[in-house]
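One structure below.
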Amino acid sequence: MKRLFWTLLIFTMGTNLPVPLFPLYQMRFDMSNADISLLFSTYAVFLLPSLLLVGHLSDQVGRKVMMIPSIALLATASVIFAIAPSPYFLFVSRALQGVATGGFLGTCTAFIMDHGDSSRRAKTTLLASFTTMVGFGVGPGLSGLFIQYVPTDPYSTVFILHVALSISSIVAVLTLAETVRRHTGLPIKFAIGVPRNIRLPFFGFIAPAVFLFFAMNGSVIALISTFAIKVLHLHNLAIGGLLIFTLMLSGGLAQVVISHSDMLEMIMLTKRGLLLTAVGAFVIIMSAPEKSLFLLVVGTVIEGIGNGWTFKGSLGLCGQITTDETRAKIVSSYYAAAYAGFSIPIFSVGLLSDYIGLTDALLALAVLLTFATMMLIAGSKRDRKSVV
C-alpha cells in the first residue's frame, strides 16, 4: 500500500510543477494572462476525454496496464517542459499531462481501494484524497523553491528531478500484485457515463459540488503566482509555489482532523467546504487593495480548508455509491466533473483579466460561483433524493 501512495504522490506532484514558472513564461514568450489561463486549462481540456474514454478501462484490462503508461507519459511531458523553446511546446506538454492524468487518477484511486480492507474503506479514501491534495501542492512548492533559491536552470532542473522520481514510481507499480483479472478475448468497452441507479445523487449533488470547488481552486492555482507578482508586487518567485503548497496542505490537514464517515455527515461536510471555499476566495481578493501578504495567506488557508472538506465529503460520497465492478468508472466520472471546472471558468477569468484586471476578474468569478453554491445548497435541501 505504501508503494501505491508513493506513486500517487509523485504523479500528482508532477501535474502542477510548471505553475510557478508561469510568470517567467509570460516574460520569456510574451504571453498574456489569457494565454497563461489557456495553458493551464489545456490540461483539463485533454484530461476530460481521457478520463471519460479510458479512465475506467482498468476495470476491464487491469490497473497496472493503465497506470504505467500514464506515469511514463507524464514523465515525457516533464522532459518537454525542460527543453521547451517556444509556447507551442508548453501547450503540448500540458496536453500530455492532461491525457496522462485522465488515465491515471481514477485507476490509482481504485487500485488503492482494491488493496485496502473493505471495512476501512473510509480511511483508505481519506488517505488517497489527502495524498492527492498534498501531491498537487508539493509540486509547485518545490518548483518555486528551486526557481528562487537553487542556482541552476529554473526551466529544467525540477522537471529532471520529476523524471527520476517517476522512474522510481514505475518500479514500485511493477512490484505490486494486480487486482483485476483481465478477460481475454472479450472486446474492450468504452462506457461513458454513470449507472442509472446513482445518476440522481451523482449529477444532482456530487458532480456540481466538485465542479464548483475545482473552478475556484483551479483559478487560484493557475493565477496566484501572477497575482502575487503583478497585483501585490511580491517578486520572490517562491511565494506563488509556496502559496499553492499552503492551499493544498491546508486542505489535506483539514481532511485528517475531520473523522466523518456517515453519508449525511459527508453531505454536510461538502456543503460547509463549499461555503469556506467561497469565503477564502473573497479574503484572497481583499488582499489586493491592502497589498497584504498576510490576507493572501489567510485567504489561502481558509480556501484550502474548504477545499479539503469539499474534496473529502464529495469523494467519500462517491466511494459509498460505487461497487467493485464500477469503481474506476465512477471515480473517473467524479474527476471528469472536477476538471470540467478547471477549463472554461479559468480561461474566462484569464481572458477577462486582460480587459478589467486580474483582481476584478477573480471577484466576478467568486461572486458567480458563490451564487451557484447557494443555489446548490438550497436545491439539495428541497430535494434530498438528489443527495442520498
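Letters A, B, ... mark the chains of the C-alpha cells in the order given; residue numbers begin at 1 per chain; ligand numbers begin at 1, in order shown.
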
(message) Which residues are close to region 214-230 of chain A, i.e. within 9 Å by only C-alpha atoms, leaving aside same-chain residues fewer than 6 positions away? Reply as a PyMOL selection string.
(response) chain A and resi 16+19-23+33+36-37+40-41+236-241+243-244+247+277-278+281+288+293+296+300+303-304+307+337-347+349-350+358-359+362+365-366+369

(request) Would you kindly return, as a ChimeraX atom specification, each protein, DNA or RNA residue with an atom no farther than 12 Å from any atom of Val171 (chain A), considering only C-alpha atoms and excluding same-chain residues fewer than 2 positions away? (result) /A:3-4,6-7,64,67-68,71-72,164-169,173-176

(message) Give me the residues near Gly137 (chain A) as a PyMOL selection string, where near means some atom within 7 Å (using only C-alpha atoms) and where sequence neighbours in that chain fewer than 5 positions away do not count.
(response) chain A and resi 13+244-245+248-249

Could you write out the selected residues, including all heavy atoms, as an mmCIF file, in the first residue's frame?
```cif
data_model
loop_
_atom_site.group_PDB
_atom_site.id
_atom_site.type_symbol
_atom_site.label_atom_id
_atom_site.label_comp_id
_atom_site.auth_asym_id
_atom_site.auth_seq_id
_atom_site.Cartn_x
_atom_site.Cartn_y
_atom_site.Cartn_z
ATOM 1 N N MET A 13 2.351 15.304 -7.860
ATOM 2 C CA MET A 13 3.379 16.338 -7.756
ATOM 3 C C MET A 13 3.761 16.869 -9.134
ATOM 4 O O MET A 13 3.959 18.067 -9.320
ATOM 5 C CB MET A 13 4.622 15.756 -7.069
ATOM 6 C CG MET A 13 5.728 16.752 -6.835
ATOM 7 S SD MET A 13 7.226 15.974 -6.161
ATOM 8 C CE MET A 13 8.032 15.492 -7.685
ATOM 9 N N ILE A 244 0.517 27.820 -3.185
ATOM 10 C CA ILE A 244 -0.218 26.650 -3.676
ATOM 11 C C ILE A 244 -0.002 25.469 -2.737
ATOM 12 O O ILE A 244 -0.932 24.711 -2.434
ATOM 13 C CB ILE A 244 0.231 26.302 -5.111
ATOM 14 C CG1 ILE A 244 -0.101 27.454 -6.064
ATOM 15 C CG2 ILE A 244 -0.463 25.022 -5.586
ATOM 16 C CD1 ILE A 244 0.456 27.274 -7.460
ATOM 17 N N PHE A 245 1.243 25.313 -2.253
ATOM 18 C CA PHE A 245 1.523 24.252 -1.279
ATOM 19 C C PHE A 245 0.699 24.463 -0.017
ATOM 20 O O PHE A 245 0.123 23.506 0.529
ATOM 21 C CB PHE A 245 3.015 24.238 -0.944
ATOM 22 C CG PHE A 245 3.368 23.262 0.147
ATOM 23 C CD1 PHE A 245 3.327 21.894 -0.078
ATOM 24 C CD2 PHE A 245 3.729 23.716 1.409
ATOM 25 C CE1 PHE A 245 3.644 20.990 0.931
ATOM 26 C CE2 PHE A 245 4.046 22.829 2.422
ATOM 27 C CZ PHE A 245 4.003 21.457 2.176
ATOM 28 N N MET A 248 -2.952 23.465 -0.632
ATOM 29 C CA MET A 248 -3.167 22.024 -0.671
ATOM 30 C C MET A 248 -2.912 21.364 0.682
ATOM 31 O O MET A 248 -3.634 20.441 1.084
ATOM 32 C CB MET A 248 -2.278 21.402 -1.737
ATOM 33 C CG MET A 248 -2.626 21.834 -3.147
ATOM 34 S SD MET A 248 -4.349 21.422 -3.556
ATOM 35 C CE MET A 248 -4.438 22.005 -5.237
ATOM 36 N N LEU A 249 -1.865 21.822 1.388
ATOM 37 C CA LEU A 249 -1.582 21.243 2.707
ATOM 38 C C LEU A 249 -2.720 21.535 3.670
ATOM 39 O O LEU A 249 -3.123 20.658 4.458
ATOM 40 C CB LEU A 249 -0.272 21.806 3.242
ATOM 41 C CG LEU A 249 0.172 21.268 4.614
ATOM 42 C CD1 LEU A 249 0.405 19.768 4.549
ATOM 43 C CD2 LEU A 249 1.417 21.987 5.102
#
```

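Minimum atom-to-atom distances from A:Ile284, A:Met266, A:Leu24, A:Val45 to Tyr155 (chain A) were compared using only C-alpha atoms, and the lowest value belongs to A:Leu24.
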
Would you pick out the contacts of Gly98 (chain A) at 8 Å or less, using only C-alpha atoms, so that residues sharing its chain but fewer than 5 positions from it are not included, and give the list as a PDB file with N, CA, C and O atoms, in the first residue's frame?
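Writing done, so here's around-v7.pdb:
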```
ATOM      1  N   THR A  42      -5.584  23.926 -20.806  1.00  0.00           N
ATOM      2  CA  THR A  42      -5.299  22.875 -21.785  1.00  0.00           C
ATOM      3  C   THR A  42      -5.196  21.522 -21.103  1.00  0.00           C
ATOM      4  O   THR A  42      -5.614  20.491 -21.641  1.00  0.00           O
ATOM      5  N   TYR A  43      -4.643  21.525 -19.921  1.00  0.00           N
ATOM      6  CA  TYR A  43      -4.536  20.316 -19.104  1.00  0.00           C
ATOM      7  C   TYR A  43      -5.906  19.670 -18.909  1.00  0.00           C
ATOM      8  O   TYR A  43      -6.086  18.470 -19.126  1.00  0.00           O
ATOM      9  N   ALA A  44      -6.895  20.485 -18.527  1.00  0.00           N
ATOM     10  CA  ALA A  44      -8.238  19.963 -18.280  1.00  0.00           C
ATOM     11  C   ALA A  44      -8.934  19.562 -19.568  1.00  0.00           C
ATOM     12  O   ALA A  44      -9.676  18.574 -19.607  1.00  0.00           O
ATOM     13  N   VAL A  45      -8.714  20.323 -20.643  1.00  0.00           N
ATOM     14  CA  VAL A  45      -9.358  20.036 -21.923  1.00  0.00           C
ATOM     15  C   VAL A  45      -8.981  18.646 -22.426  1.00  0.00           C
ATOM     16  O   VAL A  45      -9.823  17.910 -22.964  1.00  0.00           O
ATOM     17  N   PHE A  46      -7.726  18.256 -22.236  1.00  0.00           N
ATOM     18  CA  PHE A  46      -7.291  16.935 -22.675  1.00  0.00           C
ATOM     19  C   PHE A  46      -7.516  15.867 -21.604  1.00  0.00           C
ATOM     20  O   PHE A  46      -7.602  14.682 -21.922  1.00  0.00           O
ATOM     21  N   LEU A  47      -7.610  16.295 -20.356  1.00  0.00           N
ATOM     22  CA  LEU A  47      -7.866  15.340 -19.286  1.00  0.00           C
ATOM     23  C   LEU A  47      -9.277  14.771 -19.356  1.00  0.00           C
ATOM     24  O   LEU A  47      -9.491  13.580 -19.135  1.00  0.00           O
ATOM     25  N   LEU A  48     -10.251  15.622 -19.672  1.00  0.00           N
ATOM     26  CA  LEU A  48     -11.647  15.188 -19.650  1.00  0.00           C
ATOM     27  C   LEU A  48     -11.936  14.017 -20.593  1.00  0.00           C
ATOM     28  O   LEU A  48     -12.482  13.005 -20.158  1.00  0.00           O
ATOM     29  N   SER A  50      -9.860  11.944 -21.829  1.00  0.00           N
ATOM     30  CA  SER A  50      -9.052  10.825 -21.364  1.00  0.00           C
ATOM     31  C   SER A  50      -9.732  10.118 -20.199  1.00  0.00           C
ATOM     32  O   SER A  50      -9.806   8.885 -20.152  1.00  0.00           O
TER      33      SER A  50
END
```

Leaving out Ile302 (chain A) and any residue of its chain fewer than 6 positions from it, which residues lie within 8 Å of it when counting only C-alpha atoms, given as a compact mmCIF listing (two decimals) with C-alpha atoms, in the first residue's frame?
```
# COMPACT_ATOMS: atom_id res chain seq x y z
CA SER A 250 -4.40 23.08 4.49
CA LEU A 276 -15.49 28.09 3.19
CA THR A 277 -14.01 27.91 -0.30
CA VAL A 279 -15.08 32.84 1.90
CA GLY A 280 -11.40 32.10 1.25
```

(request) Grab the CA of Ser143 (chain A) to CA of Leu17 (chain A) distance for me, in Å with one decimal place. (result) 5.8 Å

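Note that the spacing between CA of Phe146 (chain A) and CA of Ile83 (chain A) amounts to 16.6 Å.
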
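Rounded to one decimal, CA of Asp114 (chain A) and CA of Val180 (chain A) lie 8.9 Å from each other.
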
(request) Based on DSSP run over this structure's backbone, return all residues of region 315-355 of chain A in alpha helix (DSSP H), as an MDAnalysis selection string. (result) chainID A and resid 315:320 327:340 344:355

With N, CA and C atoms retained, export the selected residues as a compact mmCIF listing (two decimals), in the first residue's frame.
```txt
# COMPACT_ATOMS: atom_id res chain seq x y z
N LEU A 315 -15.82 13.08 -2.44
CA LEU A 315 -15.19 11.82 -2.85
C LEU A 315 -15.65 10.67 -1.97
N GLY A 316 -15.90 10.97 -0.68
CA GLY A 316 -16.44 9.94 0.20
C GLY A 316 -17.83 9.50 -0.22
N LEU A 317 -18.67 10.46 -0.62
CA LEU A 317 -20.00 10.11 -1.13
C LEU A 317 -19.88 9.27 -2.39
N CYS A 318 -18.93 9.66 -3.25
CA CYS A 318 -18.72 8.92 -4.49
C CYS A 318 -18.32 7.48 -4.19
N GLY A 319 -17.43 7.30 -3.22
CA GLY A 319 -16.99 5.95 -2.88
C GLY A 319 -18.11 5.10 -2.31
N GLN A 320 -19.06 5.71 -1.60
CA GLN A 320 -20.12 4.94 -0.97
C GLN A 320 -21.19 4.48 -1.96
N ARG A 327 -16.09 0.81 -9.83
CA ARG A 327 -15.38 1.81 -9.03
C ARG A 327 -14.55 2.77 -9.87
N ALA A 328 -13.68 2.24 -10.74
CA ALA A 328 -12.81 3.11 -11.53
C ALA A 328 -13.63 4.01 -12.46
N LYS A 329 -14.72 3.47 -12.99
CA LYS A 329 -15.56 4.25 -13.88
C LYS A 329 -16.19 5.43 -13.16
N ILE A 330 -16.73 5.20 -11.95
CA ILE A 330 -17.39 6.27 -11.21
C ILE A 330 -16.38 7.29 -10.71
N VAL A 331 -15.24 6.81 -10.21
CA VAL A 331 -14.22 7.74 -9.75
C VAL A 331 -13.72 8.60 -10.91
N SER A 332 -13.58 8.00 -12.09
CA SER A 332 -13.18 8.76 -13.26
C SER A 332 -14.22 9.80 -13.63
N SER A 333 -15.50 9.44 -13.52
CA SER A 333 -16.57 10.40 -13.79
C SER A 333 -16.55 11.53 -12.77
N TYR A 334 -16.22 11.20 -11.54
CA TYR A 334 -16.09 12.22 -10.49
C TYR A 334 -15.01 13.22 -10.87
N TYR A 335 -13.85 12.72 -11.27
CA TYR A 335 -12.76 13.62 -11.65
C TYR A 335 -13.06 14.37 -12.94
N ALA A 336 -13.88 13.76 -13.81
CA ALA A 336 -14.29 14.48 -15.02
C ALA A 336 -15.11 15.71 -14.66
N ALA A 337 -16.04 15.56 -13.71
CA ALA A 337 -16.81 16.71 -13.25
C ALA A 337 -15.91 17.75 -12.60
N ALA A 338 -14.92 17.26 -11.84
CA ALA A 338 -14.00 18.17 -11.18
C ALA A 338 -13.19 18.98 -12.18
N TYR A 339 -12.62 18.31 -13.16
CA TYR A 339 -11.73 19.01 -14.08
C TYR A 339 -12.47 19.81 -15.14
N ALA A 340 -13.78 19.58 -15.25
CA ALA A 340 -14.56 20.49 -16.07
C ALA A 340 -14.50 21.90 -15.49
N ILE A 344 -13.27 25.98 -18.70
CA ILE A 344 -13.90 27.23 -19.13
C ILE A 344 -13.86 28.33 -18.08
N PRO A 345 -14.18 28.07 -16.79
CA PRO A 345 -14.13 29.16 -15.81
C PRO A 345 -12.75 29.81 -15.70
N ILE A 346 -11.71 29.00 -15.71
CA ILE A 346 -10.36 29.54 -15.53
C ILE A 346 -9.93 30.34 -16.75
N PHE A 347 -10.19 29.80 -17.94
CA PHE A 347 -9.84 30.55 -19.15
C PHE A 347 -10.62 31.85 -19.22
N SER A 348 -11.88 31.81 -18.79
CA SER A 348 -12.71 33.03 -18.82
C SER A 348 -12.13 34.10 -17.90
N VAL A 349 -11.64 33.69 -16.74
CA VAL A 349 -11.03 34.65 -15.82
C VAL A 349 -9.78 35.26 -16.44
N GLY A 350 -8.94 34.42 -17.04
CA GLY A 350 -7.73 34.93 -17.67
C GLY A 350 -8.03 35.90 -18.80
N LEU A 351 -9.02 35.55 -19.61
CA LEU A 351 -9.40 36.42 -20.73
C LEU A 351 -9.98 37.73 -20.22
N LEU A 352 -10.85 37.64 -19.22
CA LEU A 352 -11.48 38.83 -18.67
C LEU A 352 -10.45 39.74 -17.99
N SER A 353 -9.44 39.13 -17.37
CA SER A 353 -8.44 39.92 -16.64
C SER A 353 -7.63 40.82 -17.56
N ASP A 354 -7.51 40.45 -18.83
CA ASP A 354 -6.78 41.29 -19.78
C ASP A 354 -7.53 42.59 -20.09
N TYR A 355 -8.84 42.62 -19.72
CA TYR A 355 -9.65 43.80 -20.01
C TYR A 355 -10.00 44.60 -18.75
```

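If only C-alpha atoms are the atoms counted, then among A:Met375, A:Leu269, A:Ala110, A:Val92 the closest residue to Leu57 (chain A) is A:Ala110.
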
(message) Taking only C-alpha atoms into account, name the residue in A:Arg28, A:Lys123, A:His115, A:Lys291 that is nearest to Ala84 (chain A).
(response) A:Arg28
